[in-house]
$ cat coords08.txt   # compact mmCIF, C-alpha atoms
# COMPACT_ATOMS: atom_id res chain seq x y z
CA MET T 1 0.00 0.00 0.00
CA MET T 2 2.82 2.37 0.92
CA LYS T 3 4.65 1.50 -2.29
CA HIS T 4 1.50 2.22 -4.27
CA ASN T 5 1.13 5.63 -2.57
CA LYS T 6 4.78 6.44 -3.20
CA ARG T 7 4.47 5.52 -6.88
CA ALA T 8 1.31 7.62 -7.12
CA ARG T 9 3.06 10.62 -5.57
CA ARG T 10 6.01 10.24 -7.95
CA PHE T 11 3.66 9.93 -10.91
CA GLY T 12 1.79 13.04 -9.75
CA ALA T 13 5.00 15.00 -9.35
CA VAL T 14 6.23 14.01 -12.83
CA ALA T 15 2.83 14.83 -14.34
CA LEU T 16 2.84 18.22 -12.62
CA LEU T 17 6.38 18.95 -13.85
CA LEU T 18 5.49 18.01 -17.43
CA THR T 19 2.35 20.14 -17.28
CA LEU T 20 4.27 23.17 -16.01
CA THR T 21 6.94 22.67 -18.67
CA LEU T 22 4.31 22.43 -21.39
CA VAL T 23 2.43 25.49 -20.12
CA TRP T 24 5.66 27.49 -19.91
CA GLY T 25 6.70 26.41 -23.40
CA VAL T 26 3.35 27.26 -24.96
CA THR T 27 3.26 30.58 -23.13
CA ALA T 28 6.72 31.40 -24.46
CA LEU T 29 5.50 30.86 -28.01
CA LEU T 30 2.29 32.82 -27.68
CA PRO T 31 2.30 36.36 -29.10
CA VAL T 32 4.03 38.80 -26.79
CA HIS T 33 1.64 41.53 -25.70
CA GLY T 34 2.11 44.49 -28.03
CA GLU T 35 4.06 42.57 -30.67
CA GLY T 36 1.59 43.51 -33.40
CA GLU T 37 2.23 47.20 -32.80
CA ILE T 38 5.89 46.67 -33.70
CA TYR T 39 4.93 45.50 -37.18
CA ASP T 40 2.57 48.44 -37.58
CA ALA T 41 4.97 51.08 -36.29
CA VAL T 42 8.01 50.66 -38.54
CA VAL T 43 9.04 50.81 -42.19
CA ARG T 44 11.90 48.52 -43.17
CA LEU T 45 14.49 49.07 -45.92
CA HIS T 46 15.59 46.14 -48.06
CA VAL T 47 18.34 46.69 -50.64
CA VAL T 48 19.31 43.77 -52.89
CA ALA T 49 22.56 43.82 -54.85
CA ASN T 50 22.84 42.74 -58.48
CA SER T 51 25.17 39.89 -57.48
CA ASP T 52 27.56 38.83 -54.74
CA SER T 53 30.63 40.14 -56.58
CA GLU T 54 32.79 42.52 -54.57
CA ARG T 55 31.98 45.38 -56.95
CA ASP T 56 28.22 44.80 -56.90
CA GLN T 57 28.23 44.64 -53.11
CA ALA T 58 30.12 47.94 -52.91
CA ILE T 59 27.71 49.53 -55.38
CA LYS T 60 24.78 48.27 -53.31
CA LEU T 61 26.04 50.32 -50.36
CA ARG T 62 26.49 53.41 -52.55
CA VAL T 63 22.92 53.12 -53.80
CA ARG T 64 21.71 52.50 -50.25
CA ASP T 65 23.36 55.70 -49.05
CA ALA T 66 21.87 57.75 -51.90
CA VAL T 67 18.37 56.40 -51.24
CA LEU T 68 18.75 56.85 -47.49
CA THR T 69 19.88 60.45 -47.82
CA LEU T 70 16.79 61.49 -49.76
CA ALA T 71 14.35 59.28 -47.83
CA SER T 72 15.64 60.50 -44.47
CA GLU T 73 15.20 64.14 -45.51
CA ARG T 74 11.63 63.53 -46.67
CA LEU T 75 10.68 61.50 -43.58
CA ASP T 76 11.92 64.14 -41.18
CA GLY T 77 9.11 65.13 -38.85
CA CYS T 78 6.99 62.02 -39.50
CA THR T 79 5.09 60.93 -36.40
CA SER T 80 3.57 57.66 -37.61
CA ARG T 81 4.24 54.73 -39.91
CA ALA T 82 1.16 55.63 -41.95
CA GLU T 83 2.53 59.11 -42.60
CA ALA T 84 5.97 57.73 -43.48
CA GLU T 85 4.38 55.22 -45.86
CA ARG T 86 2.32 57.94 -47.53
CA ARG T 87 5.36 60.13 -48.10
CA LEU T 88 7.44 57.25 -49.44
CA ARG T 89 4.67 56.10 -51.76
CA GLY T 90 4.62 59.54 -53.33
CA MET T 91 8.34 59.56 -54.00
CA THR T 92 9.19 56.08 -55.30
CA ASP T 93 9.86 57.51 -58.79
CA GLU T 94 12.17 60.12 -57.33
CA LEU T 95 13.98 57.52 -55.25
CA THR T 96 14.38 55.38 -58.37
CA GLU T 97 15.96 58.31 -60.21
CA VAL T 98 18.33 58.96 -57.31
CA ALA T 99 19.36 55.29 -57.34
CA ARG T 100 19.87 55.35 -61.12
CA ALA T 101 21.94 58.50 -60.86
CA GLU T 102 24.20 56.84 -58.31
CA LEU T 103 24.61 53.78 -60.54
CA ALA T 104 25.54 56.03 -63.46
CA LYS T 105 28.02 57.87 -61.23
CA GLN T 106 29.63 54.50 -60.54
CA GLY T 107 29.82 53.77 -64.27
CA GLU T 108 27.05 51.16 -64.17
CA GLN T 109 24.32 50.69 -66.78
CA THR T 110 22.40 48.34 -64.49
CA ASP T 111 18.74 49.24 -63.94
CA VAL T 112 17.16 49.56 -60.50
CA ARG T 113 13.61 49.29 -59.17
CA VAL T 114 12.24 50.91 -56.03
CA GLU T 115 9.01 49.45 -54.63
CA LEU T 116 6.95 50.06 -51.52
CA GLY T 117 4.77 47.25 -50.21
CA ARG T 118 4.46 44.58 -47.56
CA GLU T 119 7.20 42.00 -47.29
CA GLU T 120 8.01 39.01 -45.09
CA TYR T 121 11.16 39.48 -43.03
CA PRO T 122 13.13 36.91 -41.06
CA THR T 123 14.22 37.72 -37.53
CA ARG T 124 16.91 40.37 -37.92
CA SER T 125 19.35 41.82 -35.40
CA TYR T 126 20.93 45.25 -35.71
CA GLU T 127 23.58 45.43 -33.01
CA ARG T 128 21.46 45.86 -29.86
CA PHE T 129 18.07 45.70 -31.65
CA CYS T 130 16.25 42.56 -32.73
CA PHE T 131 13.01 42.57 -34.75
CA PRO T 132 10.73 39.53 -34.92
CA ALA T 133 10.05 37.70 -38.17
CA GLY T 134 6.84 38.77 -39.86
CA GLU T 135 5.27 41.02 -42.45
CA TYR T 136 6.35 44.67 -42.50
CA VAL T 137 5.84 47.68 -44.72
CA SER T 138 9.05 47.62 -46.75
CA LEU T 139 10.86 49.91 -49.18
CA ARG T 140 12.67 47.56 -51.55
CA VAL T 141 15.54 48.65 -53.77
CA LEU T 142 16.26 45.95 -56.36
CA ILE T 143 19.47 46.45 -58.32
CA GLY T 144 19.82 44.69 -61.67
CA GLU T 145 19.13 40.96 -61.29
CA ALA T 146 18.68 41.42 -57.53
CA ALA T 147 20.51 38.13 -56.98
CA GLY T 148 23.08 39.31 -54.47
CA GLU T 149 23.31 39.61 -50.71
CA ASN T 150 20.69 41.77 -48.99
CA PHE T 151 21.03 44.85 -46.84
CA TRP T 152 18.29 45.23 -44.20
CA CYS T 153 17.57 48.02 -41.76
CA VAL T 154 14.84 50.12 -40.15
CA LEU T 155 14.02 53.17 -42.27
CA PHE T 156 11.35 54.54 -39.95
CA PRO T 157 11.87 55.37 -37.13
CA PRO T 158 15.28 56.48 -38.48
CA LEU T 159 17.64 53.74 -37.29
CA CYS T 160 19.21 52.83 -40.64
CA MET T 161 22.51 54.40 -39.77
CA SER T 162 24.65 52.19 -37.58
CA ALA T 163 22.97 51.56 -34.25
CA ALA T 164 26.34 52.38 -32.69
CA THR T 165 25.76 56.03 -33.63
CA VAL T 166 22.31 56.13 -32.03
CA SER T 167 22.22 56.31 -28.24
CA ARG T 168 19.87 54.03 -26.34
CA GLU T 169 18.00 57.08 -25.06
CA ARG T 170 17.60 58.55 -28.58
CA ALA T 171 16.45 55.22 -30.02
CA GLU T 172 13.89 54.77 -27.25
CA GLU T 173 12.62 58.31 -27.80
CA GLU T 174 12.18 57.62 -31.52
CA PHE T 175 10.06 54.52 -30.88
CA ILE T 176 8.02 56.06 -28.09
CA ALA T 177 7.34 59.03 -30.39
CA VAL T 178 5.72 56.77 -33.01
CA GLY T 179 3.41 55.14 -30.48
CA LEU T 180 5.23 52.18 -28.95
CA SER T 181 5.04 51.73 -25.20
CA ARG T 182 8.18 51.12 -23.16
CA ASP T 183 7.13 47.46 -22.78
CA GLN T 184 6.84 47.12 -26.56
CA TYR T 185 10.21 48.79 -26.99
CA ALA T 186 11.64 46.21 -24.60
CA ILE T 187 10.61 43.44 -27.03
CA ILE T 188 13.15 44.63 -29.61
CA THR T 189 15.93 45.51 -27.19
CA GLU T 190 15.85 42.76 -24.55
CA THR T 191 17.29 40.28 -27.03
CA GLN T 192 18.57 38.00 -24.27
CA ASN T 193 15.08 37.52 -22.84
CA THR T 194 14.33 33.80 -23.24
CA ARG T 195 10.68 34.33 -24.03
CA TYR T 196 11.41 36.85 -26.77
CA ARG T 197 14.13 34.67 -28.30
CA LEU T 198 11.84 31.63 -28.34
CA ARG T 199 9.00 33.68 -29.78
CA PHE T 200 11.21 35.17 -32.52
CA LYS T 201 12.53 31.72 -33.44
CA PHE T 202 9.01 30.29 -33.50
CA LEU T 203 7.83 33.07 -35.83
CA GLU T 204 10.77 32.46 -38.16
CA VAL T 205 10.07 28.70 -38.35
CA VAL T 206 6.38 29.37 -39.07
CA GLU T 207 7.29 31.93 -41.73
CA ARG T 208 9.55 29.39 -43.47
CA PHE T 209 6.93 26.68 -43.23
CA LEU T 210 4.29 28.91 -44.85
CA ARG T 211 6.46 29.80 -47.84

$ encode --input "coords08.txt" --output "structure tokens"
Amino acid sequence: MMKHNKRARRFGAVALLLTLTLVWGVTALLPVHGEGEIYDAVVRLHVVANSDSERDQAIKLRVRDAVLTLASERLDGCTSRAEAERRLRGMTDELTEVARAELAKQGEQTDVRVELGREEYPTRSYERFCFPAGEYVSLRVLIGEAAGENFWCVLFPPLCMSAATVSRERAEEEFIAVGLSRDQYAIITETQNTRYRLRFKFLEVVERFLR
């Protein structure tokens, strides 16, 4: 009888442990509160080089800088993603011309396309920032065959320049200004948080599965 009770207690303890582990695991994969607002608050920049040759990769960065210079000027003073999207949509032709001019300056006859739309992104880290996989409003700059390595960054709020040049306080101010709460901001900066890392990985696996 005592052995039976002991086995029952052990079984109950194991069952409880498994249940807690399962609940914790599922909870870790559930959407983090406020995650949706991250997708809705930012505009991403995606520049694709013609090829992976050293020259094409260098030209990609030149074109990126030219597009960023104009886009950053025109987005100055924007207070929402919707406003940034509206301004960018009205200047895609101008951005294309700027990109073409830079290619010509580099002695390239390659064409370039600039498009604004929604695009699936993998989980991406930019120094101390990490953005979850998912669909974002994206300004895409496709150079030539667009078969080379990508450049990714956050165009709005303006974090495309190296995160090392943007203080933590300034970056937080930029995101709070476009409507994110401090808890939502923590999602993209607390990259060592186990729950966030599991959630980001889960989203990336789902995104690959749905392709």

$ residues_around --input "coords08.txt" --residues "Ala82 (chain T)" --least-positions-apart "3" --cutoff "10 Å" --atoms "all atoms listed in the file" --output "short mmCIF file (atom, residue, chain, number, x, y, z; two decimals) with C-alpha atoms, keeping the file's coordinate frame"
data_model
loop_
_atom_site.label_atom_id
_atom_site.label_comp_id
_atom_site.auth_asym_id
_atom_site.auth_seq_id
_atom_site.Cartn_x
_atom_site.Cartn_y
_atom_site.Cartn_z
CA ASP T 40 2.57 48.44 -37.58
CA ALA T 41 4.97 51.08 -36.29
CA VAL T 42 8.01 50.66 -38.54
CA VAL T 43 9.04 50.81 -42.19
CA CYS T 78 6.99 62.02 -39.50
CA THR T 79 5.09 60.93 -36.40
CA GLU T 85 4.38 55.22 -45.86
CA ARG T 86 2.32 57.94 -47.53
CA ARG T 87 5.36 60.13 -48.10
CA LEU T 88 7.44 57.25 -49.44
CA VAL T 137 5.84 47.68 -44.72
#

$ atom_distance --input "coords08.txt" --atom1 "CA of Met91 (chain T)" --atom2 "CA of Val141 (chain T)"
13.1 Å

$ atom_distance --input "coords08.txt" --atom1 "CA of Ser53 (chain T)" --atom2 "CA of Leu116 (chain T)"
26.2 Å

$ atom_distance --input "coords08.txt" --atom1 "CA of Ile59 (chain T)" --atom2 "CA of Glu145 (chain T)"
13.5 Å

$ residues_around --input "coords08.txt" --residues "Leu70 (chain T)" --least-positions-apart "3" --cutoff "12 Å" --atoms "all atoms listed in the file" --output "list in words"
Val63, Arg64, Asp65, Ala66, Val67, Glu73, Arg74, Leu75, Asp76, Arg87, Leu88, Met91, Thr92, Glu94, Leu95, Thr96, Glu97, Val98, Ala99 and Leu155 of chain T

$ residues_around --input "coords08.txt" --residues "Glu120 (chain T)" --least-positions-apart "6" --cutoff "7 Å" --atoms "only C-alpha atoms" --output "ChimeraX atom specification"
/T:134-136

$ residues_around --input "coords08.txt" --residues "Lys60 (chain T)" --least-positions-apart "2" --cutoff "8 Å" --atoms "all atoms listed in the file" --output "list in words"
Val47, Val48, Ala49, Asn50, Asp56, Gln57, Ala58, Arg62, Val63, Arg64 and Ile143 of chain T

$ write_last_selection --input "coords08.txt" --atoms "C-alpha atoms" --output "short mmCIF file (atom, residue, chain, number, x, y, z; two decimals), in the frame of the given file"
data_model
loop_
_atom_site.label_atom_id
_atom_site.label_comp_id
_atom_site.auth_asym_id
_atom_site.auth_seq_id
_atom_site.Cartn_x
_atom_site.Cartn_y
_atom_site.Cartn_z
CA VAL T 47 18.34 46.69 -50.64
CA VAL T 48 19.31 43.77 -52.89
CA ALA T 49 22.56 43.82 -54.85
CA ASN T 50 22.84 42.74 -58.48
CA ASP T 56 28.22 44.80 -56.90
CA GLN T 57 28.23 44.64 -53.11
CA ALA T 58 30.12 47.94 -52.91
CA ARG T 62 26.49 53.41 -52.55
CA VAL T 63 22.92 53.12 -53.80
CA ARG T 64 21.71 52.50 -50.25
CA ILE T 143 19.47 46.45 -58.32
#

$ closest_residue --input "coords08.txt" --among "T:Leu139, T:Cys130, T:Leu68, T:Val154" --to "Tyr185 (chain T)" --atoms "all atoms listed in the file"
T:Cys130
